[in-house]
Every structure is written in C-alpha cells, then in structure tokens.
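This is structure_3.txt. It holds compact mmCIF, C-alpha atoms and all ligand atoms.
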# COMPACT_ATOMS: atom_id res chain seq x y z
CA MET Q 911 -11.42 -20.22 24.55
CA ASN Q 912 -9.23 -18.55 27.21
CA SER Q 913 -10.67 -15.67 29.18
CA PHE Q 914 -9.63 -12.20 28.05
CA THR Q 915 -10.58 -8.62 28.71
CA TYR Q 916 -12.21 -6.34 26.15
CA GLU Q 917 -11.81 -2.57 25.99
CA ARG Q 918 -12.89 -0.08 23.38
CA ALA Q 919 -10.27 2.56 22.60
CA SER Q 920 -11.58 6.12 22.57
CA ASN Q 921 -8.51 7.76 21.06
CA LEU Q 922 -5.32 6.82 19.25
CA GLU Q 923 -2.99 7.71 22.10
CA ALA Q 924 -4.87 5.51 24.57
CA ALA Q 925 -5.11 2.66 22.04
CA VAL Q 926 -1.36 2.63 21.47
CA ARG Q 927 -0.58 2.97 25.18
CA GLU Q 928 -2.82 0.03 26.05
CA GLY Q 929 -1.84 -1.95 22.96
CA ALA Q 930 1.80 -2.00 24.07
CA ARG Q 931 1.00 -4.20 27.07
CA ALA Q 932 1.99 -7.87 26.81
CA GLY Q 933 -0.69 -10.23 25.51
CA THR Q 934 -2.73 -7.40 23.98
CA TYR Q 935 -4.20 -7.60 20.46
CA TYR Q 936 -5.98 -4.89 18.53
CA LEU Q 937 -9.45 -5.90 17.40
CA GLY Q 938 -10.78 -4.73 14.04
CA ALA Q 939 -14.01 -6.30 12.83
CA GLY Q 940 -12.82 -9.61 14.28
CA THR Q 941 -13.65 -11.61 11.14
CA ASN Q 942 -10.27 -13.34 11.35
CA LEU Q 943 -9.11 -12.84 14.93
CA LEU Q 944 -12.27 -14.16 16.58
CA ASP Q 945 -12.21 -17.31 14.44
CA LEU Q 946 -8.61 -17.89 15.48
CA MET Q 947 -9.48 -17.34 19.14
CA LYS Q 948 -12.40 -19.74 18.96
CA GLY Q 949 -10.11 -22.35 17.42
CA GLY Q 950 -7.48 -21.86 20.15
CA VAL Q 951 -4.91 -20.65 17.63
CA GLU Q 952 -4.65 -17.13 19.07
CA ARG Q 953 -4.89 -16.60 22.84
CA PRO Q 954 -4.90 -12.89 23.64
CA LEU Q 955 -5.14 -11.74 27.23
CA ARG Q 956 -6.62 -8.38 26.24
CA LEU Q 957 -8.44 -7.04 23.22
CA ILE Q 958 -8.41 -3.36 22.39
CA ASP Q 959 -11.27 -2.64 20.01
CA VAL Q 960 -10.04 0.03 17.62
CA THR Q 961 -13.05 0.24 15.33
CA ARG Q 962 -14.33 3.50 16.90
CA LEU Q 963 -11.08 5.38 16.33
CA PRO Q 964 -11.41 8.26 13.87
CA LEU Q 965 -9.55 6.37 11.12
CA ALA Q 966 -12.40 5.57 8.76
CA GLU Q 967 -11.82 8.32 6.17
CA ILE Q 968 -10.52 8.18 2.63
CA GLU Q 969 -8.79 11.43 1.75
CA GLU Q 970 -6.67 12.89 -1.03
CA LEU Q 971 -3.05 13.61 -0.17
CA PRO Q 972 -1.34 16.89 -1.18
CA ASP Q 973 0.82 15.04 -3.73
CA GLY Q 974 -2.26 13.63 -5.47
CA GLY Q 975 -2.11 10.28 -3.71
CA LEU Q 976 -4.77 8.74 -1.50
CA ARG Q 977 -4.92 7.90 2.21
CA ILE Q 978 -7.19 5.04 3.24
CA GLY Q 979 -7.79 5.03 6.98
CA ALA Q 980 -7.18 1.75 8.78
CA MET Q 981 -10.83 1.48 9.85
CA VAL Q 982 -12.27 1.98 6.37
CA THR Q 983 -14.20 -1.18 5.60
CA ASN Q 984 -13.25 -3.27 2.58
CA ALA Q 985 -16.68 -2.52 1.08
CA ASP Q 986 -16.32 1.24 1.51
CA ALA Q 987 -12.79 1.23 0.08
CA ALA Q 988 -13.87 -0.85 -2.93
CA SER Q 989 -16.73 1.48 -3.83
CA HIS Q 990 -15.20 4.87 -3.03
CA PRO Q 991 -15.21 7.08 -6.16
CA LEU Q 992 -11.54 8.02 -5.76
CA VAL Q 993 -10.60 4.35 -5.54
CA THR Q 994 -12.77 3.16 -8.43
CA SER Q 995 -11.65 6.02 -10.69
CA ARG Q 996 -7.93 6.15 -9.86
CA TYR Q 997 -7.11 2.73 -8.46
CA PRO Q 998 -9.52 0.28 -10.10
CA LEU Q 999 -6.96 -2.48 -9.45
CA LEU Q 1000 -7.49 -2.06 -5.72
CA SER Q 1001 -11.25 -2.00 -6.07
CA GLN Q 1002 -11.19 -5.20 -8.16
CA ALA Q 1003 -8.92 -6.96 -5.67
CA LEU Q 1004 -11.12 -6.00 -2.73
CA LEU Q 1005 -14.28 -7.13 -4.50
CA SER Q 1006 -12.70 -10.49 -5.30
CA GLY Q 1007 -12.17 -11.19 -1.59
CA ALA Q 1008 -14.45 -12.91 0.91
CA SER Q 1009 -18.18 -12.13 0.65
CA GLY Q 1010 -20.35 -9.02 0.69
CA GLN Q 1011 -21.16 -9.49 4.36
CA LEU Q 1012 -17.50 -9.89 5.32
CA ARG Q 1013 -16.41 -6.92 3.23
CA ASN Q 1014 -19.03 -4.78 4.97
CA MET Q 1015 -17.30 -5.49 8.28
CA ALA Q 1016 -13.62 -6.16 7.53
CA THR Q 1017 -11.23 -3.26 8.03
CA THR Q 1018 -8.24 -2.15 5.98
CA GLY Q 1019 -5.85 -2.71 8.91
CA GLY Q 1020 -7.29 -6.11 9.77
CA ASN Q 1021 -7.22 -7.25 6.15
CA LEU Q 1022 -3.45 -6.65 5.95
CA LEU Q 1023 -2.90 -8.63 9.14
CA GLN Q 1024 -5.20 -11.57 8.47
CA ARG Q 1025 -3.30 -14.78 9.00
CA THR Q 1026 -2.57 -17.61 6.61
CA ARG Q 1027 -5.33 -20.06 5.68
CA CYS Q 1028 -2.98 -23.08 5.92
CA SER Q 1029 -5.19 -25.79 7.41
CA TYR Q 1030 -2.35 -27.08 9.61
CA PHE Q 1031 -2.10 -23.62 11.15
CA TYR Q 1032 -5.83 -23.49 11.83
CA ASP Q 1033 -6.25 -27.00 13.16
CA THR Q 1034 -4.69 -27.37 16.60
CA ALA Q 1035 -5.12 -31.16 16.34
CA PHE Q 1036 -1.96 -31.03 14.22
CA SER Q 1037 0.95 -30.55 16.54
CA ALA Q 1038 3.44 -29.56 13.84
CA CYS Q 1039 3.11 -25.96 12.76
CA ASN Q 1040 6.08 -23.64 13.17
CA LYS Q 1041 3.83 -20.64 12.64
CA ARG Q 1042 1.54 -21.64 15.50
CA ARG Q 1043 4.11 -23.42 17.70
CA PRO Q 1044 7.65 -22.34 16.78
CA GLY Q 1045 10.00 -25.29 16.60
CA SER Q 1046 7.26 -27.91 16.15
CA GLY Q 1047 7.79 -28.54 12.42
CA CYS Q 1048 5.68 -27.99 9.30
CA ALA Q 1049 2.98 -30.59 8.60
CA ALA Q 1050 2.28 -29.04 5.19
CA LEU Q 1051 5.71 -29.96 3.83
CA GLU Q 1052 4.74 -33.63 3.56
CA GLY Q 1053 1.00 -33.12 3.89
CA TYR Q 1054 -1.77 -31.75 1.71
CA ASN Q 1055 -0.21 -28.66 0.19
CA ARG Q 1056 -2.31 -27.72 -2.80
CA MET Q 1057 -2.84 -24.12 -1.62
CA HIS Q 1058 0.75 -23.57 -0.55
CA ALA Q 1059 3.74 -21.50 -1.61
CA ILE Q 1060 5.92 -22.00 -4.66
CA LEU Q 1061 8.12 -18.94 -4.11
CA GLY Q 1062 10.18 -17.75 -1.15
CA ALA Q 1063 9.21 -20.63 1.16
CA SER Q 1064 11.55 -22.25 3.68
CA ASP Q 1065 11.81 -25.70 5.22
CA LYS Q 1066 10.11 -24.17 8.27
CA CYS Q 1067 6.93 -22.98 6.53
CA ILE Q 1068 5.29 -23.09 3.11
CA ALA Q 1069 2.12 -21.13 3.98
CA VAL Q 1070 0.87 -18.30 1.78
CA HIS Q 1071 -0.49 -14.90 2.67
CA PRO Q 1072 -4.21 -14.83 1.86
CA SER Q 1073 -5.13 -11.15 1.35
CA ASP Q 1074 -6.22 -10.03 -2.10
CA MET Q 1075 -6.12 -6.36 -1.14
CA ALA Q 1076 -2.46 -6.68 -0.13
CA VAL Q 1077 -1.51 -7.96 -3.59
CA ALA Q 1078 -2.99 -4.88 -5.27
CA LEU Q 1079 -1.36 -2.61 -2.67
CA ALA Q 1080 2.01 -4.25 -3.36
CA ALA Q 1081 1.63 -3.59 -7.08
CA LEU Q 1082 0.59 0.00 -6.44
CA ASP Q 1083 3.63 0.78 -4.23
CA ALA Q 1084 1.49 1.57 -1.19
CA THR Q 1085 2.89 2.52 2.19
CA VAL Q 1086 1.53 1.33 5.53
CA ARG Q 1087 1.48 4.01 8.24
CA VAL Q 1088 1.69 2.83 11.82
CA SER Q 1089 1.69 4.37 15.26
CA GLY Q 1090 3.35 2.58 18.17
CA PRO Q 1091 5.12 2.89 21.50
CA ASN Q 1092 8.15 4.35 19.70
CA GLY Q 1093 6.18 6.85 17.61
CA GLU Q 1094 5.01 6.82 14.02
CA ARG Q 1095 6.60 5.24 10.99
CA ALA Q 1096 5.80 4.44 7.38
CA ILE Q 1097 6.54 0.97 5.99
CA PRO Q 1098 6.61 0.34 2.22
CA MET Q 1099 4.29 -2.56 1.32
CA ARG Q 1100 7.24 -4.54 -0.05
CA ASP Q 1101 8.77 -4.55 3.44
CA PHE Q 1102 5.56 -4.99 5.42
CA HIS Q 1103 4.94 -8.74 5.05
CA ARG Q 1104 7.91 -11.05 5.37
CA LEU Q 1105 9.11 -14.38 4.05
CA PRO Q 1106 9.06 -17.24 6.58
CA GLY Q 1107 12.79 -18.01 6.87
CA ASP Q 1108 13.45 -19.49 10.31
CA THR Q 1109 10.76 -17.41 12.03
CA PRO Q 1110 7.46 -18.09 10.22
CA GLN Q 1111 5.52 -17.08 13.31
CA GLN Q 1112 6.20 -13.48 12.28
CA ASP Q 1113 4.03 -12.51 9.33
CA THR Q 1114 5.09 -8.87 9.17
CA THR Q 1115 7.74 -6.40 10.25
CA LEU Q 1116 5.36 -4.74 12.74
CA GLU Q 1117 6.60 -4.44 16.31
CA HIS Q 1118 4.32 -5.47 19.16
CA GLY Q 1119 1.92 -2.64 19.98
CA GLU Q 1120 2.15 -0.92 16.60
CA LEU Q 1121 -1.26 0.06 15.27
CA ILE Q 1122 -1.92 0.49 11.56
CA THR Q 1123 -3.43 3.95 11.06
CA SER Q 1124 -3.66 4.15 7.27
CA VAL Q 1125 -2.52 2.87 3.92
CA ASP Q 1126 -1.18 5.56 1.60
CA LEU Q 1127 -1.16 5.26 -2.17
CA PRO Q 1128 1.12 7.31 -4.41
CA PRO Q 1129 -0.51 9.28 -7.23
CA SER Q 1130 -2.05 6.94 -9.73
CA ARG Q 1131 0.01 6.51 -12.92
CA PHE Q 1132 -1.29 3.24 -14.30
CA SER Q 1133 -4.05 3.81 -16.83
CA LYS Q 1134 -4.52 0.09 -17.45
CA ALA Q 1135 -4.88 -2.46 -14.71
CA TYR Q 1136 -6.48 -5.79 -13.91
CA TYR Q 1137 -6.74 -8.10 -10.92
CA LEU Q 1138 -7.11 -11.74 -11.90
CA LYS Q 1139 -7.96 -14.23 -9.19
CA LEU Q 1140 -7.96 -17.95 -9.94
CA ARG Q 1141 -9.64 -20.17 -7.38
CA ASP Q 1142 -11.64 -23.35 -6.97
CA ARG Q 1143 -15.01 -21.56 -6.73
CA ALA Q 1144 -16.11 -18.46 -8.59
CA SER Q 1145 -16.56 -16.55 -5.34
CA TYR Q 1146 -15.99 -16.81 -1.60
CA ALA Q 1147 -12.72 -18.68 -1.97
CA PHE Q 1148 -9.08 -17.83 -1.45
CA ALA Q 1149 -6.78 -17.55 -4.43
CA LEU Q 1150 -4.82 -20.46 -5.82
CA VAL Q 1151 -2.97 -17.81 -7.78
CA SER Q 1152 -3.83 -14.16 -8.25
CA VAL Q 1153 -2.17 -11.45 -10.33
CA ALA Q 1154 -2.31 -7.70 -9.92
CA ALA Q 1155 -1.18 -6.19 -13.21
CA ALA Q 1156 -0.84 -2.46 -13.84
CA LEU Q 1157 0.50 -0.75 -16.94
CA GLU Q 1158 1.59 2.78 -17.71
CA MET Q 1159 1.51 3.14 -21.48
CA ASP Q 1160 3.43 5.30 -23.91
CA GLY Q 1161 1.46 4.88 -27.10
CA GLU Q 1162 1.55 1.20 -27.99
CA ARG Q 1163 4.47 0.48 -25.67
CA ILE Q 1164 4.57 -0.22 -21.97
CA LYS Q 1165 6.35 2.59 -20.20
CA ALA Q 1166 6.21 0.98 -16.75
CA ALA Q 1167 4.60 -2.18 -15.43
CA ARG Q 1168 3.71 -3.56 -12.04
CA VAL Q 1169 3.10 -7.25 -11.47
CA ALA Q 1170 2.35 -8.75 -8.07
CA LEU Q 1171 1.24 -12.28 -7.30
CA GLY Q 1172 -0.99 -13.65 -4.58
CA GLY Q 1173 -1.40 -17.23 -3.41
CA VAL Q 1174 2.21 -18.12 -4.21
CA ALA Q 1175 4.25 -16.90 -1.25
CA HIS Q 1176 4.25 -15.91 2.42
CA LYS Q 1177 3.86 -12.32 1.26
CA PRO Q 1178 2.44 -10.56 -1.81
CA TRP Q 1179 5.09 -11.37 -4.40
CA ARG Q 1180 6.35 -8.49 -6.54
CA ALA Q 1181 7.69 -9.82 -9.84
CA MET Q 1182 10.34 -7.14 -10.31
CA ARG Q 1183 12.26 -8.95 -13.05
CA SER Q 1184 9.02 -9.32 -15.03
CA GLU Q 1185 8.40 -5.60 -14.65
CA GLU Q 1186 11.86 -4.84 -16.07
CA ILE Q 1187 11.23 -7.11 -19.06
CA LEU Q 1188 7.88 -5.48 -19.75
CA ALA Q 1189 9.16 -1.90 -19.64
CA GLY Q 1190 9.60 -0.75 -23.26
CA SER Q 1191 7.82 -3.77 -24.75
CA ALA Q 1192 4.59 -3.88 -26.68
CA ILE Q 1193 1.72 -5.96 -25.31
CA GLN Q 1194 2.71 -8.99 -27.34
CA ASP Q 1195 2.64 -12.61 -26.37
CA ASP Q 1196 6.38 -13.24 -26.62
CA SER Q 1197 7.29 -10.45 -24.20
CA LEU Q 1198 4.39 -11.32 -21.90
CA ARG Q 1199 5.47 -14.97 -21.79
CA LYS Q 1200 9.08 -13.98 -21.14
CA ALA Q 1201 7.95 -11.75 -18.30
CA ALA Q 1202 5.76 -14.54 -16.91
CA ALA Q 1203 8.62 -17.04 -17.02
CA ALA Q 1204 10.84 -14.60 -15.14
CA ALA Q 1205 8.24 -14.29 -12.38
CA VAL Q 1206 8.53 -17.96 -11.44
CA GLU Q 1207 12.30 -18.28 -11.73
CA GLY Q 1208 13.43 -20.36 -8.76
CA ALA Q 1209 9.89 -21.54 -8.00
CA LYS Q 1210 9.58 -24.84 -6.17
CA GLY Q 1211 6.44 -26.96 -6.14
CA TYR Q 1212 5.47 -29.52 -3.52
CA ARG Q 1213 3.46 -32.73 -3.90
CA ASP Q 1214 0.07 -31.13 -4.60
CA ASN Q 1215 0.87 -27.65 -5.89
CA LYS Q 1216 3.39 -28.05 -8.72
CA PHE Q 1217 0.61 -27.01 -11.11
CA LYS Q 1218 0.84 -23.49 -9.68
CA ILE Q 1219 4.13 -22.85 -11.48
CA GLU Q 1220 2.45 -23.14 -14.88
CA LEU Q 1221 -0.80 -21.61 -13.64
CA ALA Q 1222 0.99 -18.51 -12.36
CA GLN Q 1223 2.61 -17.92 -15.75
CA ARG Q 1224 -0.64 -18.31 -17.65
CA ALA Q 1225 -2.36 -16.05 -15.16
CA ILE Q 1226 0.28 -13.35 -15.60
CA VAL Q 1227 -0.08 -13.43 -19.38
CA ARG Q 1228 -3.87 -13.29 -19.14
CA ALA Q 1229 -3.88 -10.50 -16.56
CA LEU Q 1230 -1.49 -8.39 -18.65
CA ARG Q 1231 -3.47 -8.99 -21.83
CA THR Q 1232 -6.71 -8.08 -20.11
CA ALA Q 1233 -5.17 -5.01 -18.48
CA GLY Q 1234 -3.84 -3.94 -21.85
CA GLY Q 1235 -7.20 -4.43 -23.55
CA VAL Q 1236 -5.88 -7.18 -25.82
CA ALA Q 1237 -8.52 -9.82 -26.35
C1 LIG Q 1301 -15.03 -17.22 5.10
C2 LIG Q 1301 -14.01 -16.17 4.82
C3 LIG Q 1301 -13.56 -15.98 3.52
C4 LIG Q 1301 -12.60 -14.99 3.25
N1 LIG Q 1301 -12.15 -14.82 1.97
C5 LIG Q 1301 -11.19 -13.89 1.72
C6 LIG Q 1301 -10.66 -13.71 0.41
O1 LIG Q 1301 -11.06 -14.37 -0.54
N2 LIG Q 1301 -9.70 -12.76 0.24
C7 LIG Q 1301 -9.23 -11.99 1.27
O2 LIG Q 1301 -8.37 -11.14 1.05
N3 LIG Q 1301 -9.70 -12.15 2.51
C8 LIG Q 1301 -10.66 -13.08 2.76
N4 LIG Q 1301 -11.12 -13.27 4.03
C9 LIG Q 1301 -10.44 -12.60 5.12
C10 LIG Q 1301 -11.04 -11.27 5.47
O3 LIG Q 1301 -10.75 -10.36 4.45
C11 LIG Q 1301 -10.36 -10.87 6.78
O4 LIG Q 1301 -10.88 -11.72 7.80
C12 LIG Q 1301 -10.59 -9.43 7.15
O5 LIG Q 1301 -10.09 -8.57 6.15
C13 LIG Q 1301 -9.91 -9.10 8.46
O6 LIG Q 1301 -10.28 -7.79 8.85
P1 LIG Q 1301 -10.85 -7.55 10.31
O7 LIG Q 1301 -11.06 -6.08 10.47
O8 LIG Q 1301 -12.01 -8.42 10.60
O9 LIG Q 1301 -9.59 -8.01 11.17
P2 LIG Q 1301 -9.55 -8.70 12.61
O10 LIG Q 1301 -10.00 -10.09 12.52
O11 LIG Q 1301 -10.19 -7.81 13.63
O12 LIG Q 1301 -7.98 -8.64 12.88
C14 LIG Q 1301 -7.06 -9.39 12.12
C15 LIG Q 1301 -5.67 -9.16 12.71
O13 LIG Q 1301 -5.29 -7.80 12.53
C16 LIG Q 1301 -5.00 -7.16 13.78
N5 LIG Q 1301 -5.47 -5.79 13.62
C17 LIG Q 1301 -6.71 -5.41 13.21
N6 LIG Q 1301 -6.73 -4.08 12.99
C18 LIG Q 1301 -5.47 -3.62 13.26
C19 LIG Q 1301 -4.84 -2.35 13.19
N7 LIG Q 1301 -5.48 -1.24 12.78
N8 LIG Q 1301 -3.55 -2.26 13.54
C20 LIG Q 1301 -2.85 -3.34 13.95
N9 LIG Q 1301 -3.39 -4.58 14.04
C21 LIG Q 1301 -4.69 -4.71 13.67
C22 LIG Q 1301 -5.70 -7.99 14.82
O14 LIG Q 1301 -5.06 -7.92 16.08
C23 LIG Q 1301 -5.60 -9.38 14.22
O15 LIG Q 1301 -4.35 -9.94 14.51
C24 LIG Q 1301 -12.11 -14.21 4.31
C25 LIG Q 1301 -12.57 -14.39 5.62
C26 LIG Q 1301 -13.51 -15.36 5.88
C27 LIG Q 1301 -13.98 -15.53 7.29
Take the structure from the file and write it as structure tokens.
Amino acid sequence: MNSFTYERASNLEAAVREGARAGTYYLGAGTNLLDLMKGGVERPLRLIDVTRLPLAEIEELPDGGLRIGAMVTNADAASHPLVTSRYPLLSQALLSGASGQLRNMATTGGNLLQRTRCSYFYDTAFSACNKRRPGSGCAALEGYNRMHAILGASDKCIAVHPSDMAVALAALDATVRVSGPNGERAIPMRDFHRLPGDTPQQDTTLEHGELITSVDLPPSRFSKAYYLKLRDRASYAFALVSVAAALEMDGERIKAARVALGGVAHKPWRAMRSEEILAGSAIQDDSLRKAAAAAVEGAKGYRDNKFKIELAQRAIVRALRTAGGVA
C-alpha cells in the first residue's frame, strides 16, 4: 500500500476545501475504499475522514419527503421508522446487502460510491481493465463474465454497479445532494451513476472534491413495493439480478409503477418502458410479462451471463406479483 495522510474533517466547509486537493479521497466507513487500497486498486495521497460530520440524521422534508444524511449508516437507515413505514422498498434493499456487521458501519454516501465487484477490476494481476487502467482493455469481455452486464455495456467495460440501496433509490426517484468546490447541487439518481461508454473509469457524474451530503426522497406514493434479490447464496452475496418494484394502485389497476434493476448494468437500470406498459394495467401475468420483456429489449449476454436475460424477466414478474400481493 502507498503511504497517505489521514485527516478527520471537523466541519463541512473544511472537508470540501481539503477534499478538492488532488489525490484526496473522502473516507466513509472504509468498508470498500480500504479493501481497494490494500489491493493496490485505489492509491489516494490523502484521506479526509468525513464520518464525524453532522450528516447522520434522517429528517422529514417540508414537502413530506425524507432526507437521509450521507453519514447515516445502512443499518440505521434500514430500521428507521420513517423508512420502514413509508419506504419499505429502501429498507428491504438495504437489508439484502452485505452483512449485519457491514451495514452497521457502511454509510449512505459510501454505499452509493462503492465500486464494481468485477474480479478483473479488483485483481491487479490482470493488466487489462479499462476501469482501473484506462486504455488497457477489458479482460471480462472474453473472460469469466457470469456477474456482468447485459444492458448498457460497451466494448470498454461490462462491469455492473453493485449497490442494492442504489437500485431502490433509483426506483423511488431519489435525489443526491452534494457540496463541492463550486457550491451545492442536487443530482437526480437517474443521472448520478453513468454507463461506461468510452470512459468506464468514471462511475458517476460527481466532480472531483464533491462530497455527498444527503439523499432526498420525494413523498412516498407507492403503497405496494418489493425488492427481490437473486444471488448465489441466500445472504452476504452480490446480486446476479435484483428488482425494485413499486406500485401506486387505483383500485385493482396500477396507476403508476416503478421498476429498477440491479446486477444488470453499470448503473441502477430504470425500466421506463416497462413502467409505461404497467400504468393502467391490472396485476395480471400477460401485462407483467410484456413489461418484463420490454425491460430487457436490446439486452446482450456474454459467454457466461446470457441466462440473466431470462432471469431478469422472471424476476421482474415475481417482484411485481409479490409487490401487488398476488400469490
Ligand atoms: C464482503 C462484502 C459484501 C458486500 N455485499 C454487499 C451487497 O450485497 N450489497 C451492497 O449494496 N453492498 C455490499 N457491500 C458493499 C458495502 O455496502 C459498501 O462497502 C459500503 O456501503 C460502502 O460504504 P462505506 O461508508 O464503507 O464507504 P467507503 O468505503 O468509506 O467509501 C466508498 C467510496 O465512497 C467515497 N465516499 C464515501 N463517503 C463519501 C461522501 N459522503 N461523499 C463523497 N464520497 C464519499 C470514498 O471516497 C470511496 O471512494 C459489501 C461489502 C463487502 C466488504
């Protein structure tokens, strides 16, 4: 591991001022960043520990929404009464991630910025990884790619984004609030993570030095919701495919639907066409299947992950049925 300096930020202004310096990384609980540093994947010159900043509150917003501070732990967010009662989808997604010990430490900001679990990214013995070494190639394209993307990938990178929380936040139309050298801004979740294109080294649209201060949720309108995570082990494993499904009902019909997928793309994947198909439909298999098929339009499988195209559709149908209370 390279040598680096460590400082603990005492206030937001100082954190952002120091964070703007070249080679500086913010440090949340370190459950991802420290692993990457130990493996030689990330090589910061300076760490600014932001965990003592006063950003660990969950508060109601004047419009009836909810603000989750960036330092709120995943465990605290998952069990907060306002989250469990109004946004059970988010609570379910959080509880499906990692382990109890990790959730007790991991922060909301750090969770959004955790990096892909592609093994070629993590293992520096592989020289080809455009995400780790831009221009070096993508070993996963011809390698073992069972966990990899089926949607929105490029010939430069087929890694997926690993956060469960982010999938629920995408479905719930959350906004990420950040503070940086150029002031504050709010980034809709759909624009926060990015597809790899020619620059897979950039996971998000954050500028260097921008600090996540909170995640804001609009007022809850989805009375029925379910987070389905399919993985190789029943717990403590990343998703092969996950589905965040949320339904606003008007009697027996769906008034509005939200469907987001995890484990299939470089970012949480909002299935907008599926949502359009579901609006106005009853919770019936033919409309659910049509919506599921629309979600994977244009999907492309690689040697080991073609099964995800069918799996994603079945998962969407099951998540929507479960959300809707249909056995
Ligand atoms: C064994 C294991 C299994 C896991 N399984 C799952 C799983 O199933 N599902 C899942 O979703 N996650 C899983 N995780 C990932 C875990 O959720 C993340 O490691 C954790 O959420 C990261 O949060 P952190 O506070 O530790 O971030 P850190 O490791 O401290 O930081 C991560 C990144 O975010 C940046 N950062 C941190 N806070 C801020 C901020 N406020 N503003 C700007 N930048 C910031 C850091 O610079 C760094 O680049 C697993 C992790 C492990 C180790």
Inset, instruction - Could you please extract the residues within 7 Å of ligand LIG 1301 (chain Q), counting all atoms listed in the file, and hand them back as a ChimeraX atom specification? - result: /Q:935-944,960,980-981,1004,1006-1009,1012-1013,1015-1024,1072-1075,1120-1123,1146-1149
Inset, instruction - Extract, using only C-alpha atoms, all DNA, RNA and protein residues at most 8 Å from segment 1087-1102 of chain Q, discarding same-chain residues fewer than 3 positions from it, and format them as number ranges by chain. - result: Q: 926-927, 930, 1079-1080, 1083-1084, 1114-1117, 1119-1126, 1178, 1180
Inset, instruction - Figure out the distance between atom CA of Gly1062 of chain Q and atom CA of Arg1104 of chain Q, please, to one decimal in Å. - result: 9.6 Å
Legend entry - Nearest residue to Asp1196 of chain Q from the set Q:Arg1231, Q:Arg918, Q:His990, Q:Arg1027 (distances using all atoms listed in the file):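 So, comparing all the options, the nearest one is Q:Arg1231.
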Inset, instruction - Kindly indicate which residue among Q:Ala1167, Q:Leu946, Q:Ala988, Q:Ala1003 lies nearest to Thr1026 of chain Q, using only C-alpha atoms for the distances. - result: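 Going through Q:Ala1167, Q:Leu946, Q:Ala988, Q:Ala1003 one by one, the smallest distance to Thr1026 of chain Q is for Q:Leu946.
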Legend entry - Top pick for closest residue to Glu1158 of chain Q, considering Q:Leu1082, Q:Ala1144, Q:Ala1201, Q:Ala1225 and counting all atoms listed in the file: Q:Leu1082
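Going from atom CA of Ser920 of chain Q over to atom CA of Met947 of chain Q, you cover 23.8 Å.
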Legend entry - For Lys1177 of chain Q, the nearest of the candidates Q:Ala1229, Q:Leu1105, Q:Ala1202, Q:Leu1127, counting only C-alpha atoms: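 So, comparing all the options, the nearest one is Q:Leu1105.
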Inset, instruction - Give me the residues within 8 Å of Ala1204 of chain Q as a list in words, counting only C-alpha atoms and dropping any in the same chain fewer than 5 places off. - result: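 So the residues in contact are Ala1181, Arg1183 and Ser1184 of chain Q.
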Would you export the selected residues with C-alpha atoms as a PDB file, keeping the file's coordinate frame, please?
ATOM      1  CA  ALA Q1181       7.690  -9.820  -9.840  1.00  0.00           C
ATOM      2  CA  ARG Q1183      12.260  -8.950 -13.050  1.00  0.00           C
ATOM      3  CA  SER Q1184       9.020  -9.320 -15.030  1.00  0.00           C
TER       4      SER Q1184
END
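Shortest separation to Met1159 of chain Q among Q:Arg931, Q:His1176, Q:Lys1134, Q:Arg1043 occurs at residue Q:Lys1134, atoms counted being only C-alpha atoms.
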Inset, instruction - Please indicate the distance in Å from atom CA of Tyr1032 of chain Q to atom CA of Ser1046 of chain Q, rounded to one decimal place. - result: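 Result for atom CA of Tyr1032 of chain Q versus atom CA of Ser1046 of chain Q: 14.5 Å, one decimal.
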Inset, instruction - For each of Q:His1058, Q:Ser1197, Q:Lys1165, Q:Pro1128, take the minimum atom-to-atom distance to Arg1213 of chain Q, counting only C-alpha atoms, then give the residue where this is smallest. - result: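 Residue with the minimum atom-to-atom distance to Arg1213 of chain Q: Q:His1058.
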Legend entry - Test item: residues at most 12 Å from Ala1205 of chain Q, all atoms listed in the file, excluding those fewer than 3 positions along its chain, as a ChimeraX atom specification: /Q:1060-1062,1153,1168-1171,1174,1179-1188,1198-1202,1208-1209,1219-1227
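The point (-8.8, -7.2, -20.3) has these residues within 10 Å of it, counting all atoms listed in the file: Lys1134, Ala1135, Tyr1136, Tyr1137, Leu1138, Arg1228, Ala1229, Leu1230, Arg1231, Thr1232, Ala1233, Gly1234, Gly1235, Val1236 and Ala1237 of chain Q.
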Legend entry - Shell around Arg956 of chain Q at 6 Å using only C-alpha atoms, local window under 6 positions removed, as a list in words: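 What passes the distance filter is Phe914, Thr915, Tyr916 and Thr934 of chain Q.
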Residues just named, written with C-alpha atoms as a PDB file, keeping the file's coordinate frame:
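Written out: again.pdb:
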ATOM      1  CA  PHE Q 914      -9.630 -12.200  28.050  1.00  0.00           C
ATOM      2  CA  THR Q 915     -10.580  -8.620  28.710  1.00  0.00           C
ATOM      3  CA  TYR Q 916     -12.210  -6.340  26.150  1.00  0.00           C
ATOM      4  CA  THR Q 934      -2.730  -7.400  23.980  1.00  0.00           C
TER       5      THR Q 934
END
Inset, instruction - Write out as a list in words each polymer residue whose atoms come within 8 Å of Pro1106 of chain Q, counting all atoms listed in the file; drop sequence neighbours fewer than 3 positions from it. - result: Gly1062, Ala1063, Ser1064, Lys1066, Cys1067, Ile1068, Thr1109, Pro1110, Gln1111, Gln1112, Asp1113 and His1176 of chain Q
